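Structure file coords.cif (mmCIF, C-alpha atoms and all ligand atoms) follows.
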data_structure
loop_
_atom_site.label_atom_id
_atom_site.label_comp_id
_atom_site.auth_asym_id
_atom_site.auth_seq_id
_atom_site.Cartn_x
_atom_site.Cartn_y
_atom_site.Cartn_z
CA MET A 1 5.50 -18.49 -11.96
CA LEU A 2 2.73 -17.14 -9.72
CA ARG A 3 -0.28 -15.74 -11.59
CA LEU A 4 -1.46 -12.88 -9.36
CA ALA A 5 -4.58 -10.72 -9.53
CA ILE A 6 -5.15 -7.66 -7.33
CA ALA A 7 -8.44 -6.29 -5.99
CA GLY A 8 -8.45 -2.68 -4.84
CA VAL A 9 -5.67 -1.98 -7.31
CA THR A 10 -6.66 1.70 -7.51
CA GLY A 11 -6.24 2.08 -3.76
CA ARG A 12 -3.24 2.84 -1.55
CA MET A 13 -2.50 -0.80 -0.68
CA GLY A 14 -3.44 -2.22 -4.09
CA ARG A 15 -1.00 0.16 -5.77
CA ALA A 16 1.78 -0.80 -3.34
CA VAL A 17 1.17 -4.50 -4.06
CA ALA A 18 1.14 -3.85 -7.82
CA GLU A 19 4.46 -1.96 -7.69
CA LEU A 20 6.19 -4.82 -5.86
CA ALA A 21 4.56 -7.54 -7.96
CA ARG A 22 5.58 -5.89 -11.21
CA ALA A 23 9.22 -5.89 -10.11
CA ASP A 24 9.13 -9.56 -9.04
CA PRO A 25 10.35 -11.97 -11.74
CA ALA A 26 8.49 -14.85 -10.04
CA ILE A 27 5.10 -13.13 -10.56
CA THR A 28 2.90 -12.61 -13.59
CA LEU A 29 0.37 -9.89 -12.89
CA THR A 30 -2.83 -11.12 -14.53
CA GLY A 31 -4.76 -7.90 -13.82
CA GLY A 32 -6.54 -5.63 -11.41
CA LEU A 33 -10.17 -5.81 -10.32
CA ILE A 34 -12.22 -2.62 -10.26
CA ARG A 35 -15.91 -1.92 -9.72
CA PRO A 36 -18.04 -1.94 -12.88
CA GLU A 37 -18.80 1.78 -12.62
CA ARG A 38 -15.06 2.55 -12.77
CA GLU A 39 -14.45 0.69 -16.04
CA GLY A 40 -13.07 3.09 -18.61
CA ALA A 41 -12.48 5.86 -16.03
CA SER A 42 -9.54 8.04 -16.96
CA ASP A 43 -8.60 9.24 -13.46
CA LEU A 44 -7.29 5.91 -12.12
CA LEU A 45 -3.88 6.18 -10.42
CA LEU A 46 -2.03 3.02 -11.35
CA PRO A 47 1.40 1.66 -12.09
CA ALA A 48 1.58 1.48 -15.90
CA GLY A 49 0.73 -1.66 -17.82
CA ILE A 50 -1.87 -3.24 -15.53
CA GLN A 51 -4.95 -4.63 -17.24
CA LEU A 52 -8.12 -3.60 -15.43
CA THR A 53 -11.40 -5.46 -15.44
CA ALA A 54 -14.64 -5.65 -13.47
CA ASP A 55 -15.17 -9.25 -14.63
CA ALA A 56 -13.97 -11.00 -11.47
CA LEU A 57 -14.74 -14.55 -12.57
CA ALA A 58 -12.91 -14.26 -15.89
CA LEU A 59 -9.81 -12.76 -14.24
CA LEU A 60 -9.78 -15.17 -11.30
CA ARG A 61 -10.10 -18.21 -13.55
CA GLU A 62 -6.72 -17.32 -15.05
CA SER A 63 -5.08 -16.44 -11.71
CA ASP A 64 -3.57 -18.58 -8.93
CA VAL A 65 -4.08 -16.04 -6.13
CA LEU A 66 -6.06 -12.85 -5.59
CA ILE A 67 -4.58 -10.28 -3.22
CA ASP A 68 -7.43 -8.11 -1.92
CA PHE A 69 -7.21 -4.81 -0.04
CA THR A 70 -10.64 -3.23 -0.52
CA GLN A 71 -13.63 -2.73 1.79
CA PRO A 72 -15.62 -5.44 3.59
CA PRO A 73 -18.58 -5.78 1.16
CA ALA A 74 -16.20 -6.09 -1.80
CA THR A 75 -14.00 -8.59 0.06
CA ALA A 76 -17.03 -10.79 0.78
CA ARG A 77 -18.06 -10.61 -2.88
CA TYR A 78 -14.56 -11.41 -4.14
CA ALA A 79 -14.33 -14.36 -1.71
CA ARG A 80 -17.41 -15.88 -3.36
CA ALA A 81 -15.90 -15.27 -6.80
CA CYS A 82 -12.59 -16.88 -5.75
CA ALA A 83 -14.45 -19.97 -4.54
CA GLU A 84 -16.32 -20.21 -7.83
CA ALA A 85 -13.23 -19.64 -9.97
CA GLY A 86 -10.90 -21.90 -7.96
CA CYS A 87 -8.51 -19.05 -7.08
CA ALA A 88 -6.76 -18.73 -3.69
CA LEU A 89 -7.46 -15.55 -1.68
CA VAL A 90 -5.12 -13.41 0.42
CA THR A 91 -6.98 -10.51 1.97
CA GLY A 92 -5.90 -7.72 4.29
CA THR A 93 -9.19 -5.83 4.38
CA THR A 94 -10.04 -4.82 7.95
CA GLY A 95 -13.32 -4.01 9.69
CA LEU A 96 -15.05 -7.21 8.50
CA ARG A 97 -18.28 -8.03 10.34
CA ASP A 98 -18.90 -11.59 11.49
CA ASP A 99 -21.19 -12.33 8.54
CA GLN A 100 -18.52 -11.07 6.14
CA LEU A 101 -15.89 -13.23 7.84
CA ASP A 102 -18.34 -16.13 7.43
CA GLU A 103 -18.29 -15.52 3.66
CA LEU A 104 -14.52 -15.92 3.75
CA ARG A 105 -14.81 -19.11 5.79
CA MET A 106 -17.38 -20.47 3.32
CA ALA A 107 -14.97 -19.77 0.46
CA SER A 108 -12.21 -21.60 2.35
CA ILE A 109 -14.15 -24.84 1.92
CA ARG A 110 -13.34 -24.64 -1.78
CA VAL A 111 -10.08 -22.65 -2.01
CA PRO A 112 -7.21 -21.65 0.31
CA VAL A 113 -7.99 -18.38 2.11
CA LEU A 114 -5.66 -16.29 4.28
CA HIS A 115 -6.90 -13.18 6.08
CA ALA A 116 -4.59 -11.01 8.19
CA SER A 117 -5.28 -7.62 9.70
CA ASN A 118 -1.61 -6.73 9.45
CA PHE A 119 0.99 -8.19 7.09
CA SER A 120 4.06 -6.49 8.58
CA LEU A 121 6.77 -8.66 10.09
CA GLY A 122 7.29 -6.31 13.03
CA ILE A 123 3.65 -6.58 14.12
CA ALA A 124 3.76 -10.36 13.71
CA VAL A 125 6.73 -10.52 16.07
CA LEU A 126 5.07 -8.10 18.51
CA ARG A 127 1.99 -10.35 18.61
CA ALA A 128 4.27 -13.32 19.17
CA VAL A 129 6.04 -11.88 22.22
CA LEU A 130 3.07 -10.09 23.84
CA PRO A 131 1.52 -13.13 25.59
CA ALA A 132 4.79 -13.82 27.43
CA LEU A 133 5.24 -10.15 28.36
CA VAL A 134 1.77 -9.66 29.82
CA ARG A 135 2.01 -12.99 31.64
CA ALA A 136 5.27 -11.86 33.28
CA LEU A 137 3.80 -8.42 34.12
CA ALA A 138 0.51 -9.87 35.28
CA ASP A 139 -0.93 -6.93 37.21
CA TRP A 140 0.40 -4.15 34.97
CA ASP A 141 -2.10 -2.01 33.09
CA VAL A 142 -2.22 -2.32 29.30
CA GLU A 143 -3.23 0.43 26.90
CA ILE A 144 -2.92 0.50 23.10
CA VAL A 145 -2.64 3.66 21.01
CA GLU A 146 -2.98 3.41 17.24
CA HIS A 147 -2.59 6.15 14.64
CA HIS A 148 -3.64 5.94 10.99
CA HIS A 149 -4.14 8.31 8.08
CA ARG A 150 -7.24 10.47 7.77
CA HIS A 151 -8.91 8.15 5.21
CA LYS A 152 -9.02 5.00 7.34
CA ARG A 153 -12.64 3.99 7.83
CA ASP A 154 -12.67 1.42 10.64
CA ALA A 155 -11.70 2.09 14.26
CA PRO A 156 -10.11 0.72 16.30
CA SER A 157 -7.69 -0.79 13.78
CA GLY A 158 -7.79 -4.51 13.02
CA THR A 159 -4.21 -4.63 14.28
CA ALA A 160 -5.16 -3.13 17.66
CA LEU A 161 -7.84 -5.82 17.99
CA ALA A 162 -5.30 -8.52 17.05
CA LEU A 163 -2.98 -7.14 19.76
CA VAL A 164 -5.86 -7.42 22.25
CA GLU A 165 -6.21 -11.11 21.36
CA ALA A 166 -2.47 -11.61 21.97
CA ILE A 167 -2.78 -9.90 25.37
CA ARG A 168 -5.80 -12.01 26.30
CA ALA A 169 -3.86 -15.15 25.30
CA GLY A 170 -1.25 -14.21 27.90
CA ARG A 171 -3.85 -13.66 30.62
CA PRO A 172 -6.48 -16.35 29.98
CA GLU A 173 -7.64 -16.34 33.61
CA THR A 174 -8.41 -12.58 33.56
CA SER A 175 -11.48 -11.10 31.91
CA SER A 176 -9.94 -8.28 29.89
CA PRO A 177 -12.73 -6.02 28.64
CA VAL A 178 -11.78 -3.53 25.97
CA VAL A 179 -12.45 0.16 26.59
CA VAL A 180 -12.25 2.27 23.44
CA GLY A 181 -11.34 5.85 24.39
CA ARG A 182 -12.07 7.57 27.69
CA GLU A 183 -14.26 10.51 28.45
CA GLY A 184 -15.68 12.23 31.52
CA ILE A 185 -15.58 10.37 34.81
CA ALA A 186 -14.06 7.15 33.54
CA PRO A 187 -11.78 5.51 36.09
CA ARG A 188 -9.65 2.62 34.96
CA HIS A 189 -10.73 -0.82 36.15
CA PRO A 190 -8.16 -3.55 36.82
CA GLY A 191 -7.65 -5.89 33.88
CA GLU A 192 -9.23 -3.71 31.23
CA ILE A 193 -7.42 -2.97 27.99
CA GLY A 194 -7.72 0.60 26.73
CA ILE A 195 -7.54 1.38 23.01
CA HIS A 196 -7.16 4.90 21.66
CA ALA A 197 -7.52 5.53 17.93
CA LEU A 198 -5.91 8.61 16.36
CA ARG A 199 -6.84 9.58 12.79
CA GLY A 200 -4.99 12.22 10.85
CA GLY A 201 -2.48 13.05 8.14
CA GLY A 202 -0.92 10.39 5.98
CA GLU A 203 0.29 8.00 8.67
CA PRO A 204 0.43 4.45 7.15
CA GLY A 205 0.28 2.75 10.55
CA ARG A 206 1.61 3.25 14.07
CA HIS A 207 0.86 1.12 17.15
CA LEU A 208 2.02 1.64 20.70
CA VAL A 209 1.45 -0.85 23.52
CA LEU A 210 1.92 0.63 26.99
CA LEU A 211 2.45 -1.67 29.97
CA GLY A 212 2.44 0.19 33.25
CA SER A 213 2.80 -0.46 36.97
CA GLU A 214 2.74 2.30 39.62
CA ASP A 215 6.52 2.66 39.25
CA GLU A 216 7.47 1.65 35.70
CA LEU A 217 6.32 2.01 32.12
CA LEU A 218 7.26 -0.35 29.28
CA GLU A 219 6.48 0.94 25.77
CA LEU A 220 6.45 -1.24 22.67
CA SER A 221 6.22 0.92 19.60
CA HIS A 222 5.82 -0.10 15.96
CA ARG A 223 5.60 2.10 12.91
CA VAL A 224 5.64 1.30 9.21
CA HIS A 225 7.46 3.89 7.11
CA SER A 226 5.70 2.82 3.94
CA ARG A 227 2.94 0.50 2.76
CA ARG A 228 5.65 -1.64 1.16
CA ALA A 229 5.92 -3.39 4.55
CA TYR A 230 2.32 -4.63 4.24
CA ALA A 231 2.55 -5.26 0.50
CA ALA A 232 5.68 -7.42 0.85
CA GLY A 233 3.97 -9.49 3.55
CA ALA A 234 0.88 -10.00 1.40
CA ILE A 235 2.99 -11.09 -1.58
CA ALA A 236 4.96 -13.51 0.62
CA ALA A 237 1.62 -14.89 1.84
CA ALA A 238 0.37 -15.26 -1.76
CA LYS A 239 3.47 -17.23 -2.79
CA TRP A 240 3.13 -19.42 0.28
CA LEU A 241 -0.61 -20.01 -0.21
CA ALA A 242 -0.58 -20.85 -3.93
CA GLY A 243 -1.15 -24.53 -4.60
CA ARG A 244 -2.19 -25.39 -1.04
CA ALA A 245 -5.29 -27.40 -0.22
CA PRO A 246 -8.54 -25.50 0.36
CA GLY A 247 -8.75 -24.26 3.94
CA TRP A 248 -8.48 -21.37 6.39
CA TYR A 249 -4.89 -20.25 6.79
CA ARG A 250 -3.36 -17.68 9.11
CA ILE A 251 -0.28 -15.50 8.75
CA ASP A 252 0.88 -17.40 11.85
CA ASP A 253 1.01 -20.64 9.82
CA LEU A 254 3.45 -19.03 7.41
CA LEU A 255 5.51 -17.57 10.27
CA ALA A 256 5.59 -20.92 12.06
CA GLU A 257 7.24 -22.42 8.99
CA ARG A 258 9.73 -19.54 8.69
CA PHE A 259 10.50 -18.76 12.32
CA GLY A 260 9.46 -21.80 14.33
CA ASP A 261 9.08 -20.85 17.97
CA LEU A 262 8.73 -17.15 17.25
CA ALA A 263 5.36 -17.70 15.57
CA PRO A 264 2.49 -15.99 17.40
CA ALA A 265 0.65 -18.14 19.88
CA VAL A 266 -2.72 -16.67 18.95
CA SER A 267 -4.68 -16.49 15.75
CA ASP A 268 -5.32 -13.28 13.84
N1 LIG B 1 -3.74 -6.15 6.51
C1 LIG B 1 -2.88 -5.15 6.34
O1 LIG B 1 -1.66 -5.31 6.52
C2 LIG B 1 -3.42 -3.80 5.90
C3 LIG B 1 -2.55 -2.72 5.68
C4 LIG B 1 -3.09 -1.51 5.21
C5 LIG B 1 -4.46 -1.40 4.98
N2 LIG B 1 -5.27 -2.48 5.24
C6 LIG B 1 -6.71 -2.45 4.95
O2 LIG B 1 -6.86 -2.62 3.54
C7 LIG B 1 -8.07 -1.97 3.12
C8 LIG B 1 -7.76 -1.00 1.99
O3 LIG B 1 -6.90 0.02 2.49
P1 LIG B 1 -6.38 1.19 1.51
O4 LIG B 1 -5.68 2.16 2.40
O5 LIG B 1 -5.66 0.63 0.34
O6 LIG B 1 -7.79 1.84 1.05
P2 LIG B 1 -8.09 2.72 -0.24
O7 LIG B 1 -6.88 3.48 -0.66
O8 LIG B 1 -9.34 3.46 0.07
O9 LIG B 1 -8.39 1.65 -1.40
C9 LIG B 1 -9.54 0.84 -1.36
C10 LIG B 1 -9.65 0.12 -2.68
O10 LIG B 1 -10.79 -0.73 -2.61
C11 LIG B 1 -11.66 -0.43 -3.68
N3 LIG B 1 -13.05 -0.60 -3.26
C12 LIG B 1 -13.67 -0.01 -2.22
N4 LIG B 1 -14.96 -0.40 -2.16
C13 LIG B 1 -15.14 -1.26 -3.19
C14 LIG B 1 -16.26 -1.99 -3.68
N5 LIG B 1 -17.45 -1.92 -3.06
N6 LIG B 1 -16.08 -2.79 -4.77
C15 LIG B 1 -14.88 -2.86 -5.38
N7 LIG B 1 -13.78 -2.17 -4.99
C16 LIG B 1 -13.92 -1.38 -3.90
C17 LIG B 1 -11.37 1.02 -4.04
O11 LIG B 1 -11.79 1.25 -5.36
P3 LIG B 1 -12.26 2.72 -5.86
O12 LIG B 1 -11.01 3.38 -6.33
O13 LIG B 1 -13.22 2.40 -6.95
O14 LIG B 1 -12.91 3.39 -4.67
C18 LIG B 1 -9.85 1.06 -3.87
O15 LIG B 1 -9.22 0.51 -5.00
C19 LIG B 1 -8.64 -1.31 4.38
O16 LIG B 1 -9.59 -2.20 4.97
C20 LIG B 1 -7.43 -1.17 5.29
O17 LIG B 1 -7.75 -1.10 6.66
C21 LIG B 1 -4.77 -3.65 5.69
#

Render the structure in this file as structure tokens.
Amino acid sequence: MLRLAIAGVTGRMGRAVAELARADPAITLTGGLIRPEREGASDLLLPAGIQLTADALALLRESDVLIDFTQPPATARYARACAEAGCALVTGTTGLRDDQLDELRMASIRVPVLHASNFSLGIAVLRAVLPALVRALADWDVEIVEHHHRHKRDAPSGTALALVEAIRAGRPETSSPVVVGREGIAPRHPGEIGIHALRGGGEPGRHLVLLGSEDELLELSHRVHSRRAYAAGAIAAAKWLAGRAPGWYRIDDLLAERFGDLAPAVSD
């Protein structure tokens, strides 16, 4: 039985993880982490029956894995708490700065840590095939369009940046600078990768990779219909990570075990 705690349990992703975890007979939900100022608040939107606490250490000491979908400062803080409590960490928080990623890497000296900017299977497979596609279409232009709901804070999305890494892995000999948005006199330079971030409505996540020559356009489009796609991936990662040795794990490691050759050739 996996003892699972959730950080960000009042949020969109945390609630999706909680719903799936509660229905999973292989999981005991030990509780949800909230900020101290929210303790006792009556307006929290939650699946029923989840114990809430701001005492991270106490909760993590009785949990095998923490699934975290919060914001970068909280993720860094929870990584330190996981290391201290001996609890594995699966986190999907995006927009982490280098120093915040360093906190996660520090924690991975003491506990297993897995960070992924996108837990959906479709995006994992897209990342896996992209290097081969851009290698075959070496001089085609590449642009990425991503669309997320109006509340998303970071731009471009962590997934768009992970797709850039997959494209660069397929064209290691080309310098592929990223251009975020275009405005005014802004001609396209060969090799550059354009990213365009749309924000609006309730869109849980849409990514489009355009590969174009003068005469053809190849479009690879991915859309999640619900956050369950991410939540299911995070729970699969938590089950896979529990009981492993301390270290830095990638979603690709899990996929390599499940799908062999299909596993992405680049790290996330
Ligand atoms: N990797 C993936 O597959 C994936 C998929 C979707 C989203 N994400 C990422 O996951 C993160 C959360 O997304 P979301 O849509 O669920 O956001 P959200 O609905 O705004 O929820 C954020 C949660 O984090 C909590 N939180 C924020 N700041 C905190 C702090 N300083 N201390 C403690 N708790 C804090 C919030 O608590 P309050 O209620 O107290 O504010 C809330 O529970 C974002 O970085 C998003 O980009 C990743």

> A:Gly40, A:Gly11, A:Gly247, A:Gly205: which is nearest Asp68 of chain A, counting all atoms listed in the file?
Replying inline: A:Gly11

>> Using all atoms listed in the file, which protein or nucleic acid residues come within 8 Å of segment 234-243 of chain A? Drop anything in the same chain fewer than 5 positions from it, and give the result as a ChimeraX atom specification.
In response: /A:2,17,21,64-67,88-92,112-114,119,251,254

> What is the atom N4 of ligand LIG 1 (chain B) to atom CA of Arg206 of chain A distance in Å?
Replying inline: 23.5 Å

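Computed from the coordinates, the atom CA of Leu208 of chain A to atom CA of Ile193 of chain A distance equals 12.8 Å.
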
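Atom pair atom CA of Gly194 of chain A / atom CA of Asp141 of chain A: separated by 8.9 Å.
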
>> Env of Gly201 of chain A: 9 Å cut, atoms = all atoms listed in the file, seq-sep filter 4 positions within chain, self excluded. Answer as a list in words.
In response: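 Surrounding residues, per the criterion: His148, His149, Arg150 and His151 of chain A.
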
Per-residue nearest contacts of chain A to ligand LIG 1 (chain B) (8 Å; all atoms listed in the file) as CSV:
residue,atom,partner,partner_atom,distance
A:Ala7,CA,B:LIG1,N7,6.8
A:Gly8,CA,B:LIG1,O15,3.3
A:Val9,CA,B:LIG1,O15,4.9
A:Thr10,CA,B:LIG1,O15,3.8
A:Gly11,CA,B:LIG1,O9,3.2
A:Arg12,CA,B:LIG1,O5,3.8
A:Met13,CA,B:LIG1,O5,3.6
A:Gly14,CA,B:LIG1,O5,5.7
A:Arg15,CA,B:LIG1,O5,7.7
A:Leu33,CA,B:LIG1,N7,7.4
A:Ile34,CA,B:LIG1,N7,5.5
A:Arg35,CA,B:LIG1,C15,4.6
A:Glu37,CA,B:LIG1,O13,8.0
A:Arg38,CA,B:LIG1,O13,6.1
A:Leu44,CA,B:LIG1,O12,7.3
A:Asp68,CA,B:LIG1,O2,7.8
A:Phe69,CA,B:LIG1,O2,4.2
A:Thr70,CA,B:LIG1,O10,3.3
A:Gln71,CA,B:LIG1,N4,4.8
A:Pro72,CA,B:LIG1,O16,7.0
A:Pro73,CA,B:LIG1,N5,5.8
A:Ala74,CA,B:LIG1,N6,4.4
A:Thr75,CA,B:LIG1,N6,7.8
A:Thr91,CA,B:LIG1,N1,7.1
A:Gly92,CA,B:LIG1,N1,3.5
A:Thr93,CA,B:LIG1,O16,3.7
A:Thr94,CA,B:LIG1,O16,4.0
A:Gly95,CA,B:LIG1,O16,6.3
A:His115,CA,B:LIG1,N1,7.7
A:Ala116,CA,B:LIG1,N1,5.2
A:Ser117,CA,B:LIG1,N1,3.8
A:Asn118,CA,B:LIG1,O1,3.3
A:Phe119,CA,B:LIG1,O1,4.0
A:Ser120,CA,B:LIG1,O1,6.2
A:His151,CA,B:LIG1,O8,7.0
A:Lys152,CA,B:LIG1,O17,6.3
A:Arg153,CA,B:LIG1,O17,7.2
A:Asp154,CA,B:LIG1,O17,6.8
A:Ser157,CA,B:LIG1,O17,7.1
A:Gly158,CA,B:LIG1,O17,7.2
A:Thr159,CA,B:LIG1,N1,7.9
A:Pro204,CA,B:LIG1,C4,7.2
A:Gly205,CA,B:LIG1,C4,7.6
A:Arg227,CA,B:LIG1,C4,6.8
A:Tyr230,CA,B:LIG1,O1,4.6
A:Ala231,CA,B:LIG1,O1,7.3
A:Gly233,CA,B:LIG1,O1,7.6
A:Ala234,CA,B:LIG1,O1,7.4

Write the selection just made, keeping C-alpha atoms, as a tab-separated table (two decimals), in the coordinates of the input?
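Once written, part-v1.tsv looks like this:
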chain	number	residue	atom	x	y	z
A	7	ALA	CA	-8.44	-6.29	-5.99
A	8	GLY	CA	-8.45	-2.68	-4.84
A	9	VAL	CA	-5.67	-1.98	-7.31
A	10	THR	CA	-6.66	1.70	-7.51
A	11	GLY	CA	-6.24	2.08	-3.76
A	12	ARG	CA	-3.24	2.84	-1.55
A	13	MET	CA	-2.50	-0.80	-0.68
A	14	GLY	CA	-3.44	-2.22	-4.09
A	15	ARG	CA	-1.00	0.16	-5.77
A	33	LEU	CA	-10.17	-5.81	-10.32
A	34	ILE	CA	-12.22	-2.62	-10.26
A	35	ARG	CA	-15.91	-1.92	-9.72
A	37	GLU	CA	-18.80	1.78	-12.62
A	38	ARG	CA	-15.06	2.55	-12.77
A	44	LEU	CA	-7.29	5.91	-12.12
A	68	ASP	CA	-7.43	-8.11	-1.92
A	69	PHE	CA	-7.21	-4.81	-0.04
A	70	THR	CA	-10.64	-3.23	-0.52
A	71	GLN	CA	-13.63	-2.73	1.79
A	72	PRO	CA	-15.62	-5.44	3.59
A	73	PRO	CA	-18.58	-5.78	1.16
A	74	ALA	CA	-16.20	-6.09	-1.80
A	75	THR	CA	-14.00	-8.59	0.06
A	91	THR	CA	-6.98	-10.51	1.97
A	92	GLY	CA	-5.90	-7.72	4.29
A	93	THR	CA	-9.19	-5.83	4.38
A	94	THR	CA	-10.04	-4.82	7.95
A	95	GLY	CA	-13.32	-4.01	9.69
A	115	HIS	CA	-6.90	-13.18	6.08
A	116	ALA	CA	-4.59	-11.01	8.19
A	117	SER	CA	-5.28	-7.62	9.70
A	118	ASN	CA	-1.61	-6.73	9.45
A	119	PHE	CA	0.99	-8.19	7.09
A	120	SER	CA	4.06	-6.49	8.58
A	151	HIS	CA	-8.91	8.15	5.21
A	152	LYS	CA	-9.02	5.00	7.34
A	153	ARG	CA	-12.64	3.99	7.83
A	154	ASP	CA	-12.67	1.42	10.64
A	157	SER	CA	-7.69	-0.79	13.78
A	158	GLY	CA	-7.79	-4.51	13.02
A	159	THR	CA	-4.21	-4.63	14.28
A	204	PRO	CA	0.43	4.45	7.15
A	205	GLY	CA	0.28	2.75	10.55
A	227	ARG	CA	2.94	0.50	2.76
A	230	TYR	CA	2.32	-4.63	4.24
A	231	ALA	CA	2.55	-5.26	0.50
A	233	GLY	CA	3.97	-9.49	3.55
A	234	ALA	CA	0.88	-10.00	1.40
